[in-house]
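A.B. asks: Structure: work02.txt, compact mmCIF, C-alpha atoms and all ligand atoms.
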# COMPACT_ATOMS: atom_id res chain seq x y z
CA MET A 219 0.00 0.00 0.00
CA SER A 220 1.56 3.32 -1.07
CA ARG A 221 2.01 6.17 1.37
CA LYS A 222 -0.64 8.89 1.48
CA LYS A 223 0.09 12.08 -0.50
CA ILE A 224 0.00 15.46 1.22
CA ALA A 225 0.18 18.54 -1.00
CA LEU A 226 1.03 21.87 0.63
CA ILE A 227 0.00 24.87 -1.46
CA GLY A 228 2.21 27.72 -0.34
CA GLY A 229 5.82 27.14 0.58
CA GLY A 230 6.36 30.14 2.83
CA GLN A 231 6.84 30.30 6.57
CA ILE A 232 3.96 28.01 7.50
CA GLY A 233 4.35 25.80 4.40
CA GLY A 234 7.96 25.00 5.26
CA VAL A 235 7.10 23.96 8.80
CA LEU A 236 4.13 21.92 7.52
CA ALA A 237 6.47 20.03 5.18
CA GLN A 238 8.94 19.26 7.93
CA LEU A 239 6.30 18.20 10.46
CA ALA A 240 4.49 15.98 7.92
CA ALA A 241 7.79 14.27 7.11
CA LEU A 242 8.91 13.93 10.72
CA ARG A 243 5.57 12.36 11.68
CA GLN A 244 5.68 10.22 8.50
CA LEU A 245 2.13 11.22 7.57
CA GLY A 246 2.86 10.46 3.93
CA ASP A 247 4.79 11.75 0.93
CA VAL A 248 4.91 15.53 0.77
CA VAL A 249 4.63 17.89 -2.19
CA LEU A 250 5.42 21.53 -1.43
CA PHE A 251 4.05 23.89 -4.08
CA ASP A 252 4.76 27.57 -4.51
CA ILE A 253 4.65 29.99 -7.41
CA VAL A 254 8.15 31.10 -6.47
CA GLN A 255 10.48 28.93 -8.53
CA ASP A 256 13.11 26.76 -6.81
CA MET A 257 12.33 27.89 -3.23
CA PRO A 258 10.05 24.89 -2.54
CA VAL A 259 12.67 22.60 -4.08
CA GLY A 260 15.31 24.05 -1.78
CA LYS A 261 13.12 23.74 1.32
CA THR A 262 12.12 20.11 0.66
CA LEU A 263 15.72 19.16 -0.18
CA ASP A 264 16.90 20.75 3.05
CA ILE A 265 14.25 18.86 5.09
CA ALA A 266 14.99 15.58 3.27
CA GLU A 267 18.70 15.84 4.00
CA ALA A 268 17.89 15.39 7.69
CA SER A 269 15.90 12.20 7.00
CA ARG A 270 18.78 9.95 8.09
CA ILE A 271 19.01 11.76 11.45
CA ASP A 272 15.30 11.57 12.22
CA GLY A 273 14.77 8.31 10.37
CA PHE A 274 11.81 9.27 8.18
CA ASP A 275 11.26 7.69 4.75
CA SER A 276 8.61 10.12 3.54
CA HIS A 277 9.47 11.44 0.08
CA LEU A 278 9.45 15.22 -0.31
CA LYS A 279 9.13 17.12 -3.58
CA GLY A 280 9.24 20.87 -4.12
CA THR A 281 7.54 22.22 -7.20
CA SER A 282 5.95 25.12 -9.03
CA ASP A 283 4.00 22.77 -11.31
CA TYR A 284 0.46 21.98 -10.20
CA LYS A 285 0.65 18.63 -12.01
CA ASP A 286 2.80 17.43 -9.11
CA ILE A 287 -0.13 17.65 -6.66
CA GLU A 288 -2.09 15.14 -8.77
CA ASN A 289 -4.38 12.88 -6.70
CA ALA A 290 -3.21 14.25 -3.35
CA ASP A 291 -5.18 12.84 -0.42
CA ILE A 292 -4.78 15.96 1.72
CA ILE A 293 -4.32 19.57 0.59
CA ILE A 294 -3.21 22.23 3.07
CA VAL A 295 -3.37 25.79 1.75
CA THR A 296 -1.22 28.62 3.08
CA ALA A 297 -0.92 30.47 -0.23
CA GLY A 298 -1.58 34.12 0.34
CA LEU A 299 0.11 37.07 1.89
CA PRO A 300 0.06 37.98 5.56
CA ARG A 301 -1.05 41.53 6.31
CA LYS A 302 1.68 44.16 5.97
CA PRO A 303 1.68 47.51 7.76
CA GLY A 304 -0.92 49.79 6.22
CA MET A 305 -2.85 46.98 4.46
CA SER A 306 -6.57 47.12 5.21
CA ARG A 307 -8.61 43.96 5.70
CA ASP A 308 -10.27 44.66 2.34
CA ASP A 309 -6.83 44.85 0.71
CA LEU A 310 -5.88 41.51 2.27
CA LEU A 311 -9.29 40.15 1.30
CA THR A 312 -8.82 41.20 -2.32
CA THR A 313 -5.21 40.05 -2.56
CA ASN A 314 -5.72 36.67 -0.95
CA ALA A 315 -9.11 36.01 -2.55
CA ALA A 316 -7.50 36.20 -5.98
CA ILE A 317 -4.78 33.79 -4.83
CA ILE A 318 -7.22 31.36 -3.21
CA LYS A 319 -9.40 31.39 -6.33
CA SER A 320 -6.46 30.30 -8.49
CA VAL A 321 -5.42 27.70 -5.93
CA ALA A 322 -8.95 26.30 -5.71
CA GLU A 323 -9.25 26.03 -9.51
CA ASN A 324 -6.02 24.05 -9.67
CA VAL A 325 -6.89 21.82 -6.73
CA LYS A 326 -10.25 21.09 -8.36
CA GLN A 327 -8.44 20.08 -11.54
CA TYR A 328 -5.56 18.05 -10.13
CA ALA A 329 -6.77 16.75 -6.75
CA PRO A 330 -10.57 16.49 -7.07
CA ASN A 331 -10.91 13.97 -4.24
CA ALA A 332 -8.66 15.65 -1.69
CA ILE A 333 -9.66 16.68 1.81
CA CYS A 334 -8.65 20.32 2.13
CA ILE A 335 -7.50 22.35 5.13
CA ILE A 336 -7.33 26.10 4.50
CA ILE A 337 -5.03 28.27 6.60
CA SER A 338 -4.76 31.51 4.59
CA ASN A 339 -6.28 34.63 6.08
CA PRO A 340 -8.83 36.10 6.41
CA LEU A 341 -9.53 32.47 7.26
CA ASP A 342 -13.31 32.29 7.48
CA ALA A 343 -13.73 34.08 4.13
CA MET A 344 -10.96 32.12 2.38
CA VAL A 345 -12.48 28.76 3.36
CA THR A 346 -15.85 29.96 2.09
CA LEU A 347 -14.32 31.01 -1.23
CA PHE A 348 -12.33 27.80 -1.60
CA LYS A 349 -15.49 25.73 -1.06
CA LYS A 350 -17.42 27.86 -3.56
CA VAL A 351 -14.78 27.62 -6.29
CA THR A 352 -14.02 23.90 -5.90
CA GLY A 353 -17.63 22.85 -5.28
CA PHE A 354 -16.23 20.11 -3.05
CA PRO A 355 -18.61 18.65 -0.43
CA ALA A 356 -18.59 20.40 2.94
CA ASN A 357 -16.94 17.48 4.73
CA ARG A 358 -13.86 17.86 2.51
CA VAL A 359 -13.28 21.62 2.98
CA MET A 360 -12.40 23.07 6.36
CA GLY A 361 -10.31 25.80 7.94
CA GLN A 362 -7.64 25.77 10.62
CA SER A 363 -7.95 28.42 13.29
CA GLY A 364 -9.67 26.94 16.32
CA VAL A 365 -7.02 24.32 17.04
CA LEU A 366 -4.42 27.10 17.17
CA ASP A 367 -6.61 29.49 19.18
CA SER A 368 -7.56 26.69 21.61
CA SER A 369 -3.92 25.67 22.05
CA ARG A 370 -3.03 29.27 22.89
CA PHE A 371 -5.97 29.45 25.36
CA SER A 372 -4.97 26.12 26.98
CA SER A 373 -1.28 27.06 27.18
CA PHE A 374 -2.01 30.42 28.84
CA ILE A 375 -4.20 28.65 31.44
CA ALA A 376 -1.50 26.03 32.08
CA TRP A 377 1.19 28.70 32.49
CA GLU A 378 -1.01 30.67 34.91
CA LEU A 379 -1.71 27.58 37.05
CA GLY A 380 1.74 26.05 36.79
CA VAL A 381 0.32 22.74 35.54
CA SER A 382 1.26 20.61 32.52
CA VAL A 383 -0.27 21.75 29.25
CA LYS A 384 -1.08 18.06 28.75
CA ASP A 385 -3.76 18.31 31.41
CA VAL A 386 -5.51 21.44 30.19
CA ASN A 387 -8.47 21.29 27.79
CA ALA A 388 -9.84 24.65 26.72
CA MET A 389 -11.70 25.31 23.47
CA VAL A 390 -12.16 28.44 21.36
CA LEU A 391 -15.11 28.69 18.94
CA GLY A 392 -16.30 31.24 16.41
CA GLY A 393 -14.49 33.30 13.80
CA HIS A 394 -10.71 33.62 13.61
CA GLY A 395 -10.46 37.18 14.81
CA ASP A 396 -11.19 39.52 17.72
CA THR A 397 -14.71 38.08 18.14
CA MET A 398 -13.48 34.50 18.76
CA VAL A 399 -15.18 32.81 21.75
CA PRO A 400 -12.93 31.13 24.36
CA LEU A 401 -15.29 28.84 26.31
CA VAL A 402 -14.21 29.74 29.86
CA ARG A 403 -16.99 27.71 31.53
CA TYR A 404 -15.81 24.49 29.83
CA ALA A 405 -12.07 25.06 30.36
CA ASN A 406 -10.71 22.39 32.70
CA VAL A 407 -7.60 20.72 34.09
CA ASN A 408 -8.25 16.99 33.89
CA GLY A 409 -11.93 17.66 34.52
CA ILE A 410 -11.45 20.23 37.27
CA PRO A 411 -12.90 23.60 36.15
CA ALA A 412 -10.03 25.98 35.43
CA MET A 413 -11.89 28.83 37.11
CA GLU A 414 -12.15 26.78 40.31
CA MET A 415 -8.39 26.23 40.29
CA ILE A 416 -7.65 29.90 39.66
CA GLU A 417 -10.06 30.92 42.45
CA LYS A 418 -8.32 28.47 44.83
CA LYS A 419 -4.92 29.83 43.75
CA TYR A 420 -5.84 33.39 44.68
CA ASN A 421 -8.53 32.56 47.23
CA ASP A 422 -10.45 35.41 45.60
CA ALA A 423 -13.27 35.02 43.05
CA THR A 424 -12.99 38.60 41.79
CA LYS A 425 -9.24 38.30 41.22
CA ALA A 426 -9.82 34.97 39.47
CA LYS A 427 -12.25 36.63 37.06
CA GLU A 428 -9.68 39.36 36.33
CA VAL A 429 -6.98 36.74 35.69
CA MET A 430 -9.20 34.74 33.32
CA THR A 431 -10.26 37.91 31.50
CA LYS A 432 -6.58 38.68 30.88
CA ILE A 433 -6.08 35.12 29.55
CA VAL A 434 -9.11 35.46 27.23
CA ASP A 435 -7.88 38.82 25.96
CA ARG A 436 -4.36 37.48 25.40
CA THR A 437 -5.83 34.54 23.46
CA LYS A 438 -7.74 36.90 21.17
CA GLN A 439 -4.68 39.09 20.60
CA ALA A 440 -2.11 36.27 20.49
CA GLY A 441 -1.63 36.47 16.73
CA GLY A 442 -1.02 40.21 16.89
CA GLU A 443 1.37 39.74 19.82
CA VAL A 444 3.60 37.49 17.70
CA VAL A 445 3.34 39.75 14.63
CA LYS A 446 4.47 42.70 16.75
CA LEU A 447 7.49 40.76 18.02
CA LEU A 448 8.46 39.21 14.66
CA LYS A 449 7.95 42.48 12.74
CA THR A 450 8.38 40.62 9.40
CA GLY A 451 5.36 38.31 9.34
CA SER A 452 2.91 36.33 11.45
CA ALA A 453 3.01 33.19 13.58
CA PHE A 454 4.03 30.08 11.68
CA TYR A 455 5.23 27.29 14.00
CA SER A 456 1.95 27.09 15.91
CA PRO A 457 -0.44 27.40 12.93
CA ALA A 458 1.52 24.68 11.13
CA THR A 459 1.44 22.42 14.18
CA ALA A 460 -2.31 22.97 14.51
CA ALA A 461 -2.98 22.06 10.88
CA ILE A 462 -0.83 18.94 11.15
CA GLN A 463 -2.92 17.77 14.14
CA MET A 464 -6.00 18.08 11.91
CA ALA A 465 -4.30 16.26 9.02
CA GLU A 466 -3.20 13.47 11.38
CA ALA A 467 -6.77 13.04 12.66
CA ILE A 468 -7.97 12.67 9.06
CA LEU A 469 -5.17 10.44 7.79
CA ASN A 470 -5.34 8.11 10.81
CA ASP A 471 -9.15 8.21 11.04
CA GLU A 472 -8.83 9.29 14.67
CA LYS A 473 -12.40 10.66 15.16
CA ARG A 474 -10.85 13.59 17.11
CA LEU A 475 -13.25 16.21 18.50
CA LEU A 476 -11.45 19.41 17.56
CA PRO A 477 -12.47 23.05 16.98
CA VAL A 478 -12.72 23.25 13.18
CA CYS A 479 -13.83 26.03 10.83
CA ALA A 480 -16.66 24.02 9.27
CA LEU A 481 -19.70 24.74 7.12
CA LEU A 482 -22.75 25.12 9.35
CA ASN A 483 -26.15 23.83 8.30
CA GLY A 484 -28.33 25.32 11.03
CA GLU A 485 -26.03 24.52 13.95
CA TYR A 486 -25.55 27.44 16.37
CA GLY A 487 -28.39 29.18 14.51
CA CYS A 488 -26.18 29.60 11.44
CA ASN A 489 -26.74 28.30 7.93
CA GLY A 490 -24.34 28.36 5.00
CA TYR A 491 -21.31 29.94 6.66
CA TYR A 492 -17.96 28.61 7.85
CA VAL A 493 -17.48 29.10 11.59
CA GLY A 494 -15.21 27.50 14.20
CA VAL A 495 -17.17 24.77 15.99
CA PRO A 496 -16.46 21.43 17.73
CA ALA A 497 -16.24 18.86 14.94
CA ILE A 498 -15.34 15.19 14.58
CA LEU A 499 -12.36 14.73 12.25
CA GLY A 500 -11.78 11.34 10.64
CA ALA A 501 -11.06 9.65 7.30
CA ASN A 502 -13.97 11.47 5.65
CA GLY A 503 -12.89 14.88 6.89
CA VAL A 504 -15.54 16.69 8.93
CA GLU A 505 -17.69 13.74 10.02
CA GLY A 506 -19.95 15.56 12.43
CA ILE A 507 -20.52 18.86 14.21
CA PHE A 508 -21.31 19.03 17.92
CA GLU A 509 -23.61 21.77 19.15
CA VAL A 510 -22.35 22.46 22.67
CA THR A 511 -24.87 23.95 25.14
CA LEU A 512 -24.21 27.68 25.54
CA ASN A 513 -25.63 29.92 28.26
CA ASN A 514 -27.10 33.29 27.30
CA GLU A 515 -23.78 35.13 27.61
CA GLU A 516 -21.89 32.52 25.57
CA LYS A 517 -24.65 32.46 22.94
CA ALA A 518 -24.50 36.24 22.58
CA LEU A 519 -20.73 36.04 22.09
CA MET A 520 -21.11 33.25 19.52
CA ASP A 521 -23.87 35.16 17.68
CA ASN A 522 -21.55 38.19 17.58
CA SER A 523 -18.74 36.08 16.15
CA VAL A 524 -21.01 34.52 13.53
CA LYS A 525 -22.10 38.06 12.60
CA ALA A 526 -18.46 39.05 12.09
CA VAL A 527 -18.03 36.09 9.73
CA THR A 528 -21.19 36.87 7.75
CA ASN A 529 -20.05 40.51 7.45
CA LEU A 530 -16.64 39.39 6.17
CA VAL A 531 -18.23 37.12 3.56
CA ALA A 532 -20.58 39.98 2.59
CA ASP A 533 -17.50 42.22 2.13
CA MET A 534 -15.98 39.55 -0.12
CA GLU A 535 -19.15 39.31 -2.19
CA ARG A 536 -19.51 43.11 -2.31
CA LEU A 537 -15.99 43.25 -3.75
CA GLY A 538 -17.16 40.77 -6.39
CA LEU A 539 -14.62 38.16 -5.25
O1 LIG B 1 -4.03 29.87 11.90
C1 LIG B 1 -4.28 30.55 10.90
N1 LIG B 1 -5.29 30.25 10.08
C2 LIG B 1 -3.42 31.78 10.58
C3 LIG B 1 -3.15 31.86 9.08
C4 LIG B 1 -2.19 31.86 11.38
C5 LIG B 1 -1.11 32.57 10.91
C6 LIG B 1 -0.95 32.98 9.48
N2 LIG B 1 -2.19 32.93 8.75
C7 LIG B 1 -2.14 33.17 7.29
O2 LIG B 1 -1.52 32.08 6.60
C8 LIG B 1 -1.35 34.37 6.88
O3 LIG B 1 -2.05 35.57 7.16
C9 LIG B 1 -1.22 34.11 5.39
O4 LIG B 1 -2.42 34.47 4.73
C10 LIG B 1 -1.06 32.58 5.33
C11 LIG B 1 0.36 32.13 5.11
O5 LIG B 1 1.18 32.67 6.10
P1 LIG B 1 2.79 32.54 5.91
O6 LIG B 1 3.43 33.14 7.11
O7 LIG B 1 3.16 31.15 5.50
O8 LIG B 1 3.02 33.52 4.67
P2 LIG B 1 4.26 33.55 3.67
O9 LIG B 1 5.50 33.14 4.38
O10 LIG B 1 4.17 34.87 2.97
O11 LIG B 1 3.92 32.39 2.62
C12 LIG B 1 2.88 32.51 1.71
C13 LIG B 1 3.34 31.82 0.44
C14 LIG B 1 4.53 32.56 -0.22
O12 LIG B 1 5.65 31.68 -0.32
C15 LIG B 1 4.01 32.94 -1.60
O13 LIG B 1 4.97 32.83 -2.63
C16 LIG B 1 2.92 31.91 -1.79
O14 LIG B 1 2.29 31.82 -0.52
N3 LIG B 1 1.95 32.30 -2.80
C17 LIG B 1 1.33 31.40 -3.58
N4 LIG B 1 1.42 30.06 -3.61
C18 LIG B 1 0.64 29.45 -4.54
N5 LIG B 1 -0.17 30.11 -5.41
C19 LIG B 1 -0.26 31.45 -5.41
N6 LIG B 1 -1.05 32.11 -6.28
C20 LIG B 1 0.52 32.16 -4.46
N7 LIG B 1 0.67 33.49 -4.16
C21 LIG B 1 1.54 33.54 -3.13
Would you put the structure from the file into C-alpha cells?
Ligand code: TXD

C.D. replies:
Amino acid sequence: MSRKKIALIGGGQIGGVLAQLAALRQLGDVVLFDIVQDMPVGKTLDIAEASRIDGFDSHLKGTSDYKDIENADIIIVTAGLPRKPGMSRDDLLTTNAAIIKSVAENVKQYAPNAICIIISNPLDAMVTLFKKVTGFPANRVMGQSGVLDSSRFSSFIAWELGVSVKDVNAMVLGGHGDTMVPLVRYANVNGIPAMEMIEKKYNDATKAKEVMTKIVDRTKQAGGEVVKLLKTGSAFYSPATAAIQMAEAILNDEKRLLPVCALLNGEYGCNGYYVGVPAILGANGVEGIFEVTLNNEEKALMDNSVKAVTNLVADMERLGL
C-alpha cells in the first residue's frame, strides 16, 4: 500500500514547517508547491537531507507545477500574503481572494478527491471562497484556526496555574479574529474547572475573574502579539502544528473532537457559513458537528462572532470576489 500524498500549497513560513512536520511524523509523501520557482525545491531538499538523522522515509518534492499535486489525499493551503503595515482587511481580502481562487481552480483540476485544510487569512472568508470555487462537499473543505486558538488558550491557562499543558483542555469557537469565543466555563484541568483552580490559587473570586479575562484577551490578541514581536510576518510554527494535528486526525481516522472552521447547516443558529465549531475529524474529513450547550452570555458572544463572519463574507461578495 503506497504512502498517502500530502500537497502543501504555499511554501512560505507556515508551508515550510508543515512540510517538515508531515515528514517527521511520517504522515505520507509531501509535495510543497509555490509559485516562487526553486524555493520549494530548496526547502524540501533541506528537510529531506535530515531524514537519516530523524529516520523518516517520507518522500518530499518541491515544485511550481500543479501537475505534481495530482491525486493528493490531503491539501493544506497557506498560499496568500500575511497583512503588511498599512494593508486594510479589504486589501488583504482582495489580494488573498485572488490567490485562493487560483489555488482552488487548480486543486479542483488536479486533486478532485482531496480533503482540504485552509489556513490563509482572512480564514473564514478564504475557506468559504475555496469551497465555492471547488464545489467540493462540505466534509472535505475546512479551515484551521480553532485548534491554534484553543492551544493558545490552553497554554495560557497552564502557564497561569503552573500545571502541565497536557492536562488542560480549553476550546475556542467562532471566527478567527477579535470576536473569537474562548469557552471559559468548559475550560478544565483533567476535569477540574479551570476557574475553580484559579479561584483556589488566589482565594479570591474577583481576582480569578480578572486573571481569566486577561487570559481570554491574550488569546484573542495572540496572533497580533507574535506579529508585533516578529515584525516581518505572522506566527508560523503554531499554525503549522495545529494544521498537522487536523491532518493526522484525518489520515489516521482518529475521530478527534477538535475546533474546526466548518460549514454550518443550522447549527448554532447559522446556515451556510464557515465558523469555528467542535467537529469530529476522521477519514472522511468533517464527520460531524457538535452543538455544545451555551448559556445566554456565551450564545451572545457566539452570535456576535457569527455576525463578524457573515459581514466578512458579505465584504468579499460586495468586492465581487
Ligand atoms: O491559523 C491561521 N489560520 C493563521 C493563518 C495563522 C497565521 C498565518 N495565517 C495566514 O496564513 C497568513 O495571514 C497568510 O495568509 C497565510 C500564510 O502565512 P505565511 O506566514 O506562510 O506567509 P508567507 O511566508 O508569505 O507564505 C505565503 C506563500 C509565499 O511563499 C508565496 O509565494 C505563496 O504563498 N503564494 C502562492 N502560492 C501558490 N499560489 C499562489 N497564487 C501564491 N501566491 C503567493

A.B. asks: Sort by chain and increasing residue number a table of all residues of chain A within 9 Å of ligand LIG 1 (chain B), each with its closest pair of atoms and their distance in Å to one decimal, counting only C-alpha atoms and all ligand atoms, and write it as a Markdown table.

C.D. replies:
| residue | atom | partner | partner_atom | distance |
| --- | --- | --- | --- | --- |
| A:Ile227 | CA | B:LIG1 | C18 | 5.6 |
| A:Gly228 | CA | B:LIG1 | N4 | 4.1 |
| A:Gly229 | CA | B:LIG1 | O12 | 4.6 |
| A:Gly230 | CA | B:LIG1 | O11 | 3.3 |
| A:Gln231 | CA | B:LIG1 | O9 | 3.8 |
| A:Ile232 | CA | B:LIG1 | O7 | 3.8 |
| A:Gly233 | CA | B:LIG1 | O7 | 5.6 |
| A:Gly234 | CA | B:LIG1 | O7 | 7.8 |
| A:Val235 | CA | B:LIG1 | O7 | 8.8 |
| A:Phe251 | CA | B:LIG1 | C18 | 6.5 |
| A:Asp252 | CA | B:LIG1 | N4 | 4.3 |
| A:Ile253 | CA | B:LIG1 | C18 | 5.0 |
| A:Val254 | CA | B:LIG1 | O13 | 5.3 |
| A:Gln255 | CA | B:LIG1 | O13 | 9.0 |
| A:Met257 | CA | B:LIG1 | O12 | 8.2 |
| A:Pro258 | CA | B:LIG1 | O12 | 8.4 |
| A:Ser282 | CA | B:LIG1 | C18 | 8.2 |
| A:Val295 | CA | B:LIG1 | C10 | 8.0 |
| A:Thr296 | CA | B:LIG1 | C11 | 4.4 |
| A:Ala297 | CA | B:LIG1 | O14 | 3.5 |
| A:Gly298 | CA | B:LIG1 | O4 | 4.5 |
| A:Leu299 | CA | B:LIG1 | O4 | 4.6 |
| A:Pro300 | CA | B:LIG1 | O3 | 3.6 |
| A:Arg301 | CA | B:LIG1 | O3 | 6.1 |
| A:Leu310 | CA | B:LIG1 | O4 | 8.2 |
| A:Thr313 | CA | B:LIG1 | N7 | 9.0 |
| A:Asn314 | CA | B:LIG1 | O4 | 6.9 |
| A:Ala316 | CA | B:LIG1 | N6 | 7.6 |
| A:Ile317 | CA | B:LIG1 | N6 | 4.3 |
| A:Ile318 | CA | B:LIG1 | N6 | 6.9 |
| A:Lys319 | CA | B:LIG1 | N6 | 8.4 |
| A:Ser320 | CA | B:LIG1 | N6 | 6.1 |
| A:Val321 | CA | B:LIG1 | N5 | 5.8 |
| A:Ile336 | CA | B:LIG1 | N1 | 7.2 |
| A:Ile337 | CA | B:LIG1 | N1 | 4.0 |
| A:Ser338 | CA | B:LIG1 | O4 | 3.8 |
| A:Asn339 | CA | B:LIG1 | O4 | 4.1 |
| A:Pro340 | CA | B:LIG1 | O4 | 6.8 |
| A:Leu341 | CA | B:LIG1 | N1 | 5.6 |
| A:Asp342 | CA | B:LIG1 | N1 | 8.7 |
| A:Gly361 | CA | B:LIG1 | N1 | 7.0 |
| A:Gln362 | CA | B:LIG1 | N1 | 5.1 |
| A:Ser363 | CA | B:LIG1 | O1 | 4.4 |
| A:Gly364 | CA | B:LIG1 | O1 | 7.7 |
| A:Val365 | CA | B:LIG1 | O1 | 8.1 |
| A:Leu366 | CA | B:LIG1 | O1 | 6.0 |
| A:Asp367 | CA | B:LIG1 | O1 | 7.7 |
| A:His394 | CA | B:LIG1 | N1 | 7.3 |
| A:Gly441 | CA | B:LIG1 | C5 | 7.0 |
| A:Gly451 | CA | B:LIG1 | O6 | 6.0 |
| A:Ser452 | CA | B:LIG1 | O6 | 5.4 |
| A:Ala453 | CA | B:LIG1 | C5 | 4.9 |
| A:Phe454 | CA | B:LIG1 | O6 | 5.5 |
| A:Tyr455 | CA | B:LIG1 | C5 | 8.8 |
| A:Ser456 | CA | B:LIG1 | O1 | 7.7 |
| A:Pro457 | CA | B:LIG1 | O1 | 4.5 |
| A:Ala458 | CA | B:LIG1 | O1 | 7.6 |
| A:Ala460 | CA | B:LIG1 | O1 | 7.6 |
| A:Ala461 | CA | B:LIG1 | O1 | 7.9 |

A.B. asks: Given all atoms listed in the file as the basis, pick out the residue of A:Val527, A:Met398, A:Ile507, A:Leu379 nearest to Pro411 (chain A).

C.D. replies: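 For Pro411 (chain A), the nearest of the given residues is A:Leu379.
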
A.B. asks: When you look at Leu239 (chain A) with a cut-off of 8 Å (counting all atoms listed in the file), what residues show up, excluding the ones that are within fewer than 3 positions of it in the same chain? I need them as a PDB file with C-alpha atoms, in the coordinates of the input.

C.D. replies:
ATOM      1  CA  VAL A 235       7.100  23.960   8.800  1.00  0.00           C
ATOM      2  CA  LEU A 236       4.130  21.920   7.520  1.00  0.00           C
ATOM      3  CA  LEU A 242       8.910  13.930  10.720  1.00  0.00           C
ATOM      4  CA  ARG A 243       5.570  12.360  11.680  1.00  0.00           C
ATOM      5  CA  THR A 459       1.440  22.420  14.180  1.00  0.00           C
ATOM      6  CA  ILE A 462      -0.830  18.940  11.150  1.00  0.00           C
TER       7      ILE A 462
END

A.B. asks: Report as a PyMOL selection string all protein, DNA and RNA residues lying within 7 Å of Val407 (chain A), evaluated on all atoms listed in the file, omitting residues in the same chain fewer than 2 positions from it.

C.D. replies: chain A and resi 385-387+409-412

A.B. asks: Fewer than 6 positions away in the same chain doesn't count, so skip those; otherwise give me all residues within 12 Å of Tyr486 (chain A), counting only C-alpha atoms, as a list in words.

C.D. replies: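 Neighbouring residues, sequence-local ones excluded: Leu391, Gly392, Ala480, Tyr492, Val493, Gly494, Val495, Pro496, Ile507, Phe508, Glu509, Val510, Thr511, Leu512, Glu516, Lys517, Ala518, Leu519, Met520, Asp521, Asn522, Ser523, Val524 and Lys525 of chain A.
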
A.B. asks: For a test of reading the model, state the distance in Å between CA of Ala388 (chain A) and CA of Leu401 (chain A), rounded to one decimal.

C.D. replies: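 We find that CA of Ala388 (chain A) and CA of Leu401 (chain A) lie 6.9 Å from each other.
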
A.B. asks: Could you pull the residues within 9 Å of Leu311 (chain A), counting only C-alpha atoms, minus those fewer than 3 positions along the same chain, as a list in words?

C.D. replies: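 Once the nearby chain positions are removed, what remains is Ser306, Arg307, Asp308, Asn314, Ala315, Ala316, Asn339, Pro340, Ala343, Met344, Leu530, Asp533, Met534, Leu537 and Leu539 of chain A.
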
A.B. asks: If you count all atoms listed in the file, which residues fall within 12 Å of Glu414 (chain A), apart from same-chain ones fewer than 6 positions away, as a VMD selection string?

C.D. replies: chain A and resid 379 402 to 407 420 to 427 430

A.B. asks: What is the distance between CA of Ile375 (chain A) and CA of Ile433 (chain A), in Å to one decimal?

C.D. replies: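 About the pair CA of Ile375 (chain A) and CA of Ile433 (chain A): they are 7.0 Å apart.
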
A.B. asks: Provide the CA of Gly538 (chain A) to CA of Val325 (chain A) distance in Å, to one decimal place.

C.D. replies: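 Taking CA of Gly538 (chain A) as the start and CA of Val325 (chain A) as the end point, the length is 21.6 Å.
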